[in-house]
Amino acid sequence: MKLLEGKKGIIFGALDENSIAWKVAEKCTDHGAKYVLTNAPVALRMGQIQRLGEQVGAEVIAADATNIDDLTALFTQSTDILGGKIDFILHSIGMSINVRKNKAYDDLNYDWMHKSLDISAISFHKIMQTALKEDVLSEWGSVLALSYIAAQRVFPDYSEMAEAKSLLESFGRSMGYHLGTRIKVRVNTISQSPTRTTAGSGITGFDDFFDYADQMSPLGNASAENCADFCVVMFSDLTRMITMQNLYHDGGFSSMGLNPAVLDKGQ
Ligand SMILES: NC(=O)c1ccc[n+]([C@@H]2O[C@H](COP(=O)([O-])OP(=O)(O)OC[C@H]3O[C@@H](n4cnc5c(N)ncnc54)[C@H](O)[C@@H]3O)[C@@H](O)[C@H]2O)c1
């Protein structure tokens, strides 16, 4: 069964084969979609996205997701390459300079914080606003971004990325109203389990984080492949009326209070 036959998309954020966006791209190909891959210029130089492009037969276009000129050019080129308007967009972008530089939460550098929020959250608004202005989205299209439960609960080592994810989810809801009423496009965020990727592993104590969530969740952690399956469904016509939601994709973690398995492990 091919859920995305005839659909055209743009996938932001595939860096290497561990990236969630990489798995999403592979699954979108399996389901018959055509799409453009994009990432920041530095990621095109340092990462393996060109290899993915060759593997799936997709064009790779450099765009800094915080730069409106880059986004405008990306949309123009993508509609030319794909031969029409865009049916789906994946925002799979996150980066915190304070986290990367191991700054404590009560000693954050605010210039870096602005940059982190711009890259990890405001870029989502910029992508949607630019797409709307350039009129490149198809009716009944689907826009997704990836989030994490630190938007709602405290995970101290996640630092300012918690605020970035809260902002990201809020942009999803608010823009969901505007895109929905104007062009019948839906916007959602997927709150994913901890996943072993470059961005994920940058969080202090990631392995403990990962193991704790895995124990706590009745189904265990959702993998990047599981997340990619969910993204395909959210891009497909089977989910046309889901919008302005933050959808937990976490094996049940978000509904748990206490799991005896975690206590047993501690004894
Ligand atoms: N890994 C996890 O545990 C986890 C859990 C929940 C949500 N997420 C989210 O999933 C998304 C994808 O992350 P990932 O885990 O696959 O890691 P990743 O490191 O593979 O992907 C992050 C991507 O962001 C890109 N990026 C950074 N700055 C950019 C810019 N200015 N313009 C365009 N792209 C830029 C990077 O080049 C990279 O491709 C992120 O939003 C992340 O927060 C990850």
# chains A, B, ... in the order shown; residues from 1 in each chain; ligands from 1
>>> residues_near_ligand(ligand="ligand 1", cutoff="7 Å", atoms="only C-alpha atoms and all ligand atoms", output="number ranges by chain")
A: 12-16, 18-21, 39-40, 43, 63-66, 92-95, 119-120, 145-148, 191-201
>>> residues_around(residues="Lys2 (chain A)", least_positions_apart="4", cutoff="10 Å", atoms="only C-alpha atoms", output="list of chain:residue names")
A:Gly6, A:Cys28, A:Thr29, A:Asp30, A:His31, A:Gly32, A:Ala33, A:Val232, A:Ser236
>>> select_by_dssp(residues="region 17-182 of chain A", states="strand (DSSP E or B)", output="JSON, numbers by chain")
{"A": [34, 35, 36, 37, 38, 39, 60, 61, 62, 86, 87, 88, 89, 90, 91, 137, 138, 139, 140, 141, 142, 143, 144, 145, 146, 147]}
>>> write_last_selection(atoms="C-alpha atoms", output="compact mmCIF listing (two decimals), in the first residue's frame")
# COMPACT_ATOMS: atom_id res chain seq x y z
CA LYS A 34 8.58 12.86 -4.39
CA TYR A 35 10.38 15.46 -2.31
CA VAL A 36 13.30 17.83 -1.95
CA LEU A 37 15.81 17.39 0.88
CA THR A 38 17.18 20.47 2.59
CA ASN A 39 19.55 21.34 5.39
CA VAL A 60 19.36 18.45 -2.10
CA ILE A 61 19.08 22.23 -1.62
CA ALA A 62 21.01 24.22 0.98
CA ILE A 86 3.90 21.23 -1.96
CA ASP A 87 1.69 18.67 -0.14
CA PHE A 88 3.84 18.08 2.93
CA ILE A 89 6.67 19.64 4.93
CA LEU A 90 8.72 18.10 7.75
CA HIS A 91 10.52 20.47 10.16
CA LEU A 137 1.20 24.88 -0.37
CA SER A 138 -1.50 22.61 -1.84
CA GLU A 139 -4.96 22.52 -0.31
CA TRP A 140 -5.26 19.68 2.24
CA GLY A 141 -1.50 19.68 2.70
CA SER A 142 0.19 18.66 5.96
CA VAL A 143 2.96 20.39 7.93
CA LEU A 144 4.75 18.62 10.78
CA ALA A 145 7.48 19.48 13.30
CA LEU A 146 9.18 17.22 15.83
CA SER A 147 8.96 18.07 19.51
>>> residues_around(residues="Gln152 (chain A)", least_positions_apart="4", cutoff="12 Å", atoms="only C-alpha atoms", output="VMD selection string")
chain A and resid 147 to 148 158 161 to 167 169 to 170 191 246 248 254
>>> write_last_selection(atoms="C-alpha atoms", output="PDB file, in the first residue's frame")
ATOM      1  CA  SER A 147       8.965  18.075  19.513  1.00  0.00           C
ATOM      2  CA  TYR A 148       9.780  16.604  22.908  1.00  0.00           C
ATOM      3  CA  TYR A 158      17.239  19.552  28.313  1.00  0.00           C
ATOM      4  CA  MET A 161      15.500  23.400  24.452  1.00  0.00           C
ATOM      5  CA  ALA A 162      12.451  22.953  26.721  1.00  0.00           C
ATOM      6  CA  GLU A 163      11.414  26.542  25.999  1.00  0.00           C
ATOM      7  CA  ALA A 164      12.264  26.089  22.323  1.00  0.00           C
ATOM      8  CA  LYS A 165       9.905  23.099  22.133  1.00  0.00           C
ATOM      9  CA  SER A 166       7.105  24.970  23.966  1.00  0.00           C
ATOM     10  CA  LEU A 167       7.431  27.773  21.430  1.00  0.00           C
ATOM     11  CA  GLU A 169       4.328  23.615  19.663  1.00  0.00           C
ATOM     12  CA  SER A 170       2.624  26.970  20.151  1.00  0.00           C
ATOM     13  CA  SER A 191       6.340  14.665  20.519  1.00  0.00           C
ATOM     14  CA  ASN A 246       0.747  18.005  19.722  1.00  0.00           C
ATOM     15  CA  TYR A 248       2.632  12.060  21.633  1.00  0.00           C
ATOM     16  CA  SER A 254       3.466  10.862  28.581  1.00  0.00           C
TER      17      SER A 254
END
>>> closest_residue(among="A:Ile68, A:Ala25, A:Asp214, A:Val185", to="Ile122 (chain A)", atoms="only C-alpha atoms")
A:Ile68
>>> select_by_dssp(residues="region 32-176 of chain A", states="alpha helix (DSSP H)", output="count of residues only")
68
